[in-house]
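Visitor: Sharing a structure here in structure tokens format.
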Amino acid sequence: MAIAVNAPKDGFRLSQLINDTRYRSYTIQFVVLLMVVAFLLWLVDNTIANLAAKDKDINFGFLWARAGYDIDQQLIPYTNDSTHFRALLIGLLNTLAVAVLACIAATVLGVTVGILRLSKNWLVARLMTVYVEVFRNVPLLLWIVLTFTFFSEVPKEPKDFKVTADMVATWDGPVEDRLYPVAHKIFFDTVALTNRGTNMPAPLLYRPLGGVEVGGIPINFSTIAVIFVFGASIWVNRRIRADAKAVQEATGVRPVTWWKSIALIVVPTLALLLALGLHWEIPAFAADENGVSKGFNFQGGINVAHSFTALLIALTIYSATYIAEGVRAGILAISRGQTEAAYALGMRPGRTTSLIVLPQALRVIIPPLISQYLNITKNTTLGMAISYLDLKGTLGGITLNQTGRELECMLLMMLIYLMLSLAISAVMNAYNTAMKLKER
Amino acid sequence: MSDISFVRAEMLPPSEPPISERGAVKWLHENLFSGWLNSILTVLAVVSVYYLIKGGSPWVINGVWTGDSLSDCREALAGESGACWAILVERWNQFLFGFYPNTEYWRPTLTFALLFVALAPVLYYGLNRANAIMVGIVGGVLVLSLIALGTDVWHILLSVLVFAALTAVAWLAPKKLVYMSLAFPALGFFILWGGSVWGPIGAMAGLGIFAVVWRLTQRVLGDVVAGGVGLIVAVVWWLWLQTVVTTALHGLIPIGLEAVDSDQFGGFLLSFVIGVTAISASLPIGIVLALGRRSDMPLVKMLCVGFIEFVRGVPLITMLFTASLLLQYFLPPQTNFDLVLRVIILVTLFSAAYIAEVVRGGLAALPRGQYEAADALGLDYWQAQRLITMPQALKISIPGIVSSFIGLFKDTTLVALVGLADPLQGIRKIVLADIDWKGIFWEPFIFVGLIFFVVCFSMSRYSMYLERKLKTDHH
């Protein structure tokens, strides 16, 4: 027969530190703390010893020294006379550029594929399944290198776009004897895809508003004006739609707003661009008076390196498969009753998807989407395999090799990636909280 | 009204549904042409598939399978478009084994087969039929591959004997196969790297010493303290005694295989070594981290959260470069061990953080009642974890664990960036640097991609099957 006895209160014995669950956690934590501190001290001690043996110190001063290497894709001005810190910034901007574009493109592609995979169209659903399975079961690195190889091997060389004197000579003769270059620009003769890069038209202004440089970062007033006007139009448009909704809720009749919306979004920005004198500089070979091309490559326009294009395309098609799976799971998580209820109310299938299913599915889709965005950002480092100079390429690549400061470069780089990841997850988690079902 | 002249006494046979409502026409209408949007999509899909096949199939079918160089292929093709599969016929061994010595190919193959034997008890614990069938099939495939690899008779005979014995064990005492799983790390290491047999035995003996000391002192000192004492004795063995004893034993009985250097590992052999080691080592670490993250002890929780979030916040490449550049700073001066091992350690830590999050998801998905029931039964923390929580949580986490493994296996290609010879970048570049094959682009991609696809796809299908099989609820 058991008799319940209260735990003895008399005094504290040392054995309680191990045997008594009330105190044991303190013992364990103390031991863990000791072990962790000892481990860290061991690491620091080793590091000091190793640095001393190599006659090195920890010094971030190298960031202000001359970098001395060129970077072909630069979103803010940079020359090889700039500092290593500036190279770091260029690398970070390149990382962000490819990450942001890949996130947007992968979301668009992924959502489309995810919806199409659930399509009633048998053929399309099967094709999308094949696409998803093929692309997500093969390493991303393969897609990156494959795309890069494709771009640098399949397009023609710049010289194949050239018009030679022989060709011009035949142009006076009969039509069937006329000779033309073997390669042509695509998209209505505006974009030249060569094996050295993509030459795209560049937007130029006849009457730019000028700009200033703040802390080495150029600020272009024309761009800011365009963004401001466009943002203002969007804001006014939202006000108009809110008013329309108010009228609809008061009277039951929604005023027609679509033509106002289109006019608001298009007209002011277009007017501003026309006033600034927007025109496009189309890449072309320099030519003499007869039309014979000179030089070795296209002049003018923007030259996009294939490393950027390939990384962007590969990241997009690879990550889109994961996003598609997330979207599909999200849509499948919405019970069929929701769709049936919408049909019962007389909604058309398109509006059912956009008004009933997707808003609810979004809550399921967003958390995996966040981790995909994080993955895309981290996977931009794979651009290293095709010499894309992102943060890993500049700070963790050339700068590290030139200065030999492995410890500083690696720690700084890890810190930046960590902050980037934390920032993305903070922003996306805030969005997730905003989208969450408000439960009371 | 009553002069009805004819009343049908029996039911008419139902008439056929209209042509648009039956058979292929109905199927086509419902599945491919149910509306103008669907019809457009169907037509677009058919057209794009047609062009894909029309453009790609001649290249694949015309492919040349024999030849010593790209120029041989071009000659055989005589101007037509076609693949040069001869490069794969010539160099497949490098894609699979890297620079592992030609005569020793039976070793990685045998290890790969033994991996499945080690997995068998995990998949079908205690089922003699399933275990024996699996081990038997693996053995058969192994012997066929060894013959295809041109192995000498003695090693084929050895493999046949080993697998006959293992199949017998699987049939007669399937639970005993667990010992095979426990011995596999040391056995695999010995077969792959070779050298003296006493090194791996000595390392495993440390674990044996730990178990013996724990058993002997457990009664007197209690679980935790006995574990600590056992660990100390084992560490003393590993650090100071092991080398002396194994050297002496090797002097007495020199048994061993030809030593193979880590530099010679490459191709899919390297991918599998890194992937399998990292995932099996990261599973226990990940479970401990997940438990730590859910712990009530603030310090433990903080450390685990810090580690997990740090590792998940940085790209794998930075971890690999830490292995190749930074580890030399963090370890005692003059410590020098090879890059493959360093990479495995860092990849293990990396994958442990992801596994921890997956397991944490499984633990969080368990209803609170399970924890409370374990407490009510009077189980202590470890008993509750071992008997109640973990089996259920791990079951829930299977899809997540498998997809982390697939991700990790694909990520093993990144080791090329720190100079190891992975199949995709490392070996491909080495093969294409050969003047004979310069100018080939697509064939190696297709070969490597196909192998990755087969491995990853079958793993994901298997995890789906397992998920369905283990599902015990009735939704």
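Residue numbers start at 1 in each chain; chains themselves are named A, B, ... in the order of the structure tokens; ligands are numbered from 1 in the order shown.
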List the neighbours of stretch 151-153 of chain B out to 12 Å using only C-alpha atoms; skip same-chain residues closer than 4 positions along the sequence, and give me the result as a PDB file with N, CA and C atoms, in the first residue's frame.
Guide:
ATOM      1  N   ASN B 102      41.400   1.326 -61.213  1.00  0.00           N
ATOM      2  CA  ASN B 102      40.581   0.472 -62.080  1.00  0.00           C
ATOM      3  C   ASN B 102      40.333  -0.905 -61.505  1.00  0.00           C
ATOM      4  N   THR B 103      41.402  -1.484 -60.922  1.00  0.00           N
ATOM      5  CA  THR B 103      41.283  -2.868 -60.477  1.00  0.00           C
ATOM      6  C   THR B 103      40.466  -2.984 -59.207  1.00  0.00           C
ATOM      7  N   GLU B 104      40.184  -1.860 -58.564  1.00  0.00           N
ATOM      8  CA  GLU B 104      39.509  -1.907 -57.258  1.00  0.00           C
ATOM      9  C   GLU B 104      38.047  -1.504 -57.349  1.00  0.00           C
ATOM     10  N   TYR B 105      37.487  -1.428 -58.572  1.00  0.00           N
ATOM     11  CA  TYR B 105      36.087  -0.995 -58.697  1.00  0.00           C
ATOM     12  C   TYR B 105      35.115  -1.850 -57.906  1.00  0.00           C
ATOM     13  N   TRP B 106      35.506  -3.115 -57.627  1.00  0.00           N
ATOM     14  CA  TRP B 106      34.591  -3.970 -56.876  1.00  0.00           C
ATOM     15  C   TRP B 106      34.339  -3.415 -55.483  1.00  0.00           C
ATOM     16  N   ARG B 107      35.277  -2.608 -54.955  1.00  0.00           N
ATOM     17  CA  ARG B 107      35.128  -2.135 -53.570  1.00  0.00           C
ATOM     18  C   ARG B 107      33.975  -1.140 -53.432  1.00  0.00           C
ATOM     19  N   THR B 109      31.530  -0.772 -55.405  1.00  0.00           N
ATOM     20  CA  THR B 109      30.297  -1.464 -55.786  1.00  0.00           C
ATOM     21  C   THR B 109      29.782  -2.319 -54.640  1.00  0.00           C
ATOM     22  N   LEU B 110      30.727  -3.045 -53.993  1.00  0.00           N
ATOM     23  CA  LEU B 110      30.341  -3.876 -52.857  1.00  0.00           C
ATOM     24  C   LEU B 110      29.800  -3.004 -51.722  1.00  0.00           C
ATOM     25  N   LEU B 142      24.443  -7.073 -57.534  1.00  0.00           N
ATOM     26  CA  LEU B 142      25.862  -6.828 -57.270  1.00  0.00           C
ATOM     27  C   LEU B 142      26.730  -7.748 -58.118  1.00  0.00           C
ATOM     28  N   VAL B 143      26.391  -9.048 -58.114  1.00  0.00           N
ATOM     29  CA  VAL B 143      27.223  -9.995 -58.863  1.00  0.00           C
ATOM     30  C   VAL B 143      27.198  -9.645 -60.350  1.00  0.00           C
ATOM     31  N   LEU B 144      26.000  -9.336 -60.885  1.00  0.00           N
ATOM     32  CA  LEU B 144      25.919  -8.952 -62.301  1.00  0.00           C
ATOM     33  C   LEU B 144      26.781  -7.726 -62.575  1.00  0.00           C
ATOM     34  N   SER B 145      26.707  -6.703 -61.669  1.00  0.00           N
ATOM     35  CA  SER B 145      27.504  -5.499 -61.929  1.00  0.00           C
ATOM     36  C   SER B 145      28.986  -5.810 -61.840  1.00  0.00           C
ATOM     37  N   LEU B 146      29.358  -6.691 -60.892  1.00  0.00           N
ATOM     38  CA  LEU B 146      30.778  -7.011 -60.770  1.00  0.00           C
ATOM     39  C   LEU B 146      31.274  -7.694 -62.033  1.00  0.00           C
ATOM     40  N   ILE B 147      30.435  -8.585 -62.584  1.00  0.00           N
ATOM     41  CA  ILE B 147      30.838  -9.253 -63.829  1.00  0.00           C
ATOM     42  C   ILE B 147      30.963  -8.214 -64.942  1.00  0.00           C
ATOM     43  N   LEU B 157      33.570 -14.237 -56.204  1.00  0.00           N
ATOM     44  CA  LEU B 157      33.281 -15.363 -55.324  1.00  0.00           C
ATOM     45  C   LEU B 157      33.066 -14.882 -53.894  1.00  0.00           C
ATOM     46  N   LEU B 158      33.944 -13.987 -53.457  1.00  0.00           N
ATOM     47  CA  LEU B 158      33.831 -13.413 -52.112  1.00  0.00           C
ATOM     48  C   LEU B 158      32.465 -12.756 -51.939  1.00  0.00           C
ATOM     49  N   SER B 159      32.058 -11.934 -52.934  1.00  0.00           N
ATOM     50  CA  SER B 159      30.777 -11.238 -52.825  1.00  0.00           C
ATOM     51  C   SER B 159      29.632 -12.238 -52.782  1.00  0.00           C
ATOM     52  N   VAL B 160      29.718 -13.284 -53.617  1.00  0.00           N
ATOM     53  CA  VAL B 160      28.649 -14.285 -53.625  1.00  0.00           C
ATOM     54  C   VAL B 160      28.521 -14.906 -52.237  1.00  0.00           C
TER      55      VAL B 160
END
Visitor: Take atom CA of A:Ser119 and atom CA of A:Ala333 and report the distance between them in Å, one decimal.
Guide: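 Value for the atom CA of A:Ser119-atom CA of A:Ala333 distance: 15.7 Å.
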Visitor: Looking only at the backbone, which of the residues in stretch 13-135 of chain A does DSSP tag as alpha helix (DSSP H), as a PyMOL selection string?
Guide: chain A and resi 16-19+21-53+84-117+122-135
Visitor: Would you please work out which residue, of B:Val273, B:Val46, B:Val260, B:Leu379, is nearest to B:Gly194 when using only C-alpha atoms?
Guide: B:Val260
Visitor: Between atom CA of B:Gly140 and atom CA of B:Asn128, what distance in Å does the model show, to one decimal?
Guide: 17.8 Å
Visitor: Which of stretch 196-354 of chain A end up as strand (DSSP E) when DSSP is run on this backbone - answer as JSON, numbers by chain?
Guide: {"A": [197, 198, 199, 200, 202, 203, 204, 205, 211, 212, 213, 214, 217, 218, 219, 220, 278, 279, 280, 281, 284, 285, 286, 287, 293, 294, 295, 296, 297, 298, 299, 302, 303, 304]}
Visitor: Taking N, CA and C atoms for each residue, export the selection above as a CSV table (one decimal), in the first residue's frame.
Guide:
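Just written: again.csv:
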chain,number,residue,atom,x,y,z
A,197,GLY,N,27.2,37.7,-75.2
A,197,GLY,CA,26.3,38.4,-74.3
A,197,GLY,C,25.1,38.8,-75.1
A,198,THR,N,24.1,39.4,-74.3
A,198,THR,CA,22.9,39.9,-75.0
A,198,THR,C,22.9,41.4,-75.0
A,199,ASN,N,22.8,41.9,-76.2
A,199,ASN,CA,22.8,43.4,-76.4
A,199,ASN,C,21.4,43.8,-76.5
A,200,MET,N,20.9,44.6,-75.5
A,200,MET,CA,19.5,45.0,-75.4
A,200,MET,C,19.5,46.5,-75.6
A,202,ALA,N,18.8,50.4,-74.9
A,202,ALA,CA,18.9,51.1,-73.7
A,202,ALA,C,18.0,52.3,-73.7
A,203,PRO,N,17.2,52.6,-72.7
A,203,PRO,CA,16.4,53.8,-72.7
A,203,PRO,C,17.2,55.0,-72.4
A,204,LEU,N,17.0,56.0,-73.3
A,204,LEU,CA,17.8,57.3,-73.1
A,204,LEU,C,16.8,58.4,-73.1
A,205,LEU,N,17.2,59.5,-72.5
A,205,LEU,CA,16.3,60.7,-72.4
A,205,LEU,C,17.0,61.9,-73.2
A,211,GLY,N,21.1,64.8,-62.0
A,211,GLY,CA,21.1,63.9,-60.8
A,211,GLY,C,22.3,64.4,-59.9
A,212,VAL,N,22.4,63.8,-58.8
A,212,VAL,CA,23.5,64.1,-57.8
A,212,VAL,C,24.1,62.7,-57.4
A,213,GLU,N,25.2,62.8,-56.8
A,213,GLU,CA,25.9,61.6,-56.3
A,213,GLU,C,26.0,61.7,-54.8
A,214,VAL,N,25.4,60.8,-54.1
A,214,VAL,CA,25.4,60.9,-52.6
A,214,VAL,C,26.2,59.7,-52.1
A,217,ILE,N,27.0,56.9,-54.5
A,217,ILE,CA,25.8,56.3,-55.2
A,217,ILE,C,25.1,57.3,-56.0
A,218,PRO,N,25.0,57.2,-57.3
A,218,PRO,CA,24.4,58.2,-58.1
A,218,PRO,C,22.9,58.1,-58.0
A,219,ILE,N,22.3,59.3,-57.9
A,219,ILE,CA,20.8,59.4,-57.8
A,219,ILE,C,20.3,60.1,-59.0
A,220,ASN,N,19.5,59.5,-59.8
A,220,ASN,CA,19.0,60.0,-61.0
A,220,ASN,C,17.6,60.6,-60.8
A,278,LEU,N,11.9,60.3,-74.0
A,278,LEU,CA,12.4,58.9,-74.0
A,278,LEU,C,12.6,58.4,-75.4
A,279,HIS,N,13.8,57.8,-75.6
A,279,HIS,CA,14.0,57.0,-76.9
A,279,HIS,C,14.9,55.9,-76.6
A,280,TRP,N,15.0,54.9,-77.5
A,280,TRP,CA,15.7,53.7,-77.3
A,280,TRP,C,17.0,53.7,-78.1
A,281,GLU,N,18.1,53.4,-77.5
A,281,GLU,CA,19.3,53.3,-78.2
A,281,GLU,C,19.5,51.8,-78.6
A,284,ALA,N,24.0,48.3,-82.3
A,284,ALA,CA,24.2,48.1,-83.7
A,284,ALA,C,25.7,48.2,-83.9
A,285,PHE,N,26.2,47.7,-85.1
A,285,PHE,CA,27.6,47.9,-85.4
A,285,PHE,C,27.8,49.3,-86.0
A,286,ALA,N,28.9,49.8,-85.7
A,286,ALA,CA,29.3,51.1,-86.4
A,286,ALA,C,29.4,50.8,-87.9
A,287,ALA,N,28.9,51.7,-88.8
A,287,ALA,CA,28.9,51.4,-90.2
A,287,ALA,C,29.4,52.6,-91.0
A,293,SER,N,29.7,47.1,-91.9
A,293,SER,CA,30.0,47.2,-90.5
A,293,SER,C,31.4,47.3,-90.2
A,294,LYS,N,31.7,48.0,-89.1
A,294,LYS,CA,33.1,48.2,-88.6
A,294,LYS,C,33.1,47.7,-87.2
A,295,GLY,N,34.3,47.4,-86.7
A,295,GLY,CA,34.5,47.1,-85.3
A,295,GLY,C,34.3,45.6,-85.0
A,296,PHE,N,34.4,45.2,-83.8
A,296,PHE,CA,34.4,43.7,-83.4
A,296,PHE,C,33.1,43.4,-82.7
A,297,ASN,N,32.4,44.3,-82.1
A,297,ASN,CA,31.2,44.0,-81.4
A,297,ASN,C,30.1,45.1,-81.5
A,298,PHE,N,29.0,44.8,-81.0
A,298,PHE,CA,27.9,45.8,-81.1
A,298,PHE,C,28.2,47.0,-80.3
A,299,GLN,N,27.8,48.2,-80.7
A,299,GLN,CA,27.9,49.4,-80.0
A,299,GLN,C,26.6,49.9,-79.5
A,302,ILE,N,22.5,48.1,-73.9
A,302,ILE,CA,23.0,47.5,-72.7
A,302,ILE,C,23.5,46.1,-73.0
A,303,ASN,N,24.7,45.8,-72.5
A,303,ASN,CA,25.2,44.4,-72.7
A,303,ASN,C,25.0,43.6,-71.5
A,304,VAL,N,24.1,42.6,-71.5
A,304,VAL,CA,23.8,41.8,-70.4
A,304,VAL,C,24.7,40.5,-70.5
Visitor: For each of A:Gln16, A:Asn94, A:Thr79, A:Asn46, take the minimum atom-to-atom distance to chain B, counting only C-alpha atoms, then give the residue where this is smallest.
Guide: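 Smallest distance to chain B is found for A:Asn46.
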Visitor: Choose the residue, out of A:Ile376, A:Leu43, A:Ile18, A:Ala97, that has the smallest atom-to-atom separation from A:Val31; count only C-alpha atoms.
Guide: A:Ile18
Visitor: What residues in chain A lie within 8 Å of chain B, counting only C-alpha atoms, written as a PyMOL selection string?
Guide: chain A and resi 25+29+32-33+43-44+46-47+49-51+120-124+127+133-134+137-142+146+149+378-379+381-382+384-385+406-407+410+414+417-419+421-422
Visitor: Just give me the gap between atom CA of A:Thr309 and atom CA of A:Gly91 in Å, one decimal is fine.
Guide: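 Computing it gives 16.0 Å between the two atoms.
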Visitor: Could you name the residues that touch A:Ala102 at 12 Å or less, counting only C-alpha atoms, but leaving out those on the same chain fewer than 2 positions away, as a PyMOL selection string?
Guide: chain A and resi 95-100+104-110+308-320+372-380
Visitor: Within 12 Å of B:Trp198, counting only C-alpha atoms, which residues show up once you throw out same-chain ones fewer than 5 positions away? Write them as number ranges by chain, please.
Guide: B: 186-187, 189-190, 203-205, 242-257
Visitor: Name the residues in contact with A:Arg328 at a cut-off of 8 Å, using only C-alpha atoms, excluding same-chain residues fewer than 5 positions from it; report them as a PyMOL selection string.
Guide: chain A and resi 114-115+117-118
Visitor: If you keep C-alpha atoms, can you produce a file of those selected residues as a PDB file, in the first residue's frame?
Guide:
ATOM      1  CA  GLY A 114       0.855  25.016 -60.050  1.00  0.00           C
ATOM      2  CA  ILE A 115      -2.584  26.011 -61.319  1.00  0.00           C
ATOM      3  CA  ARG A 117      -1.063  21.079 -62.913  1.00  0.00           C
ATOM      4  CA  LEU A 118      -4.549  20.982 -61.454  1.00  0.00           C
TER       5      LEU A 118
END
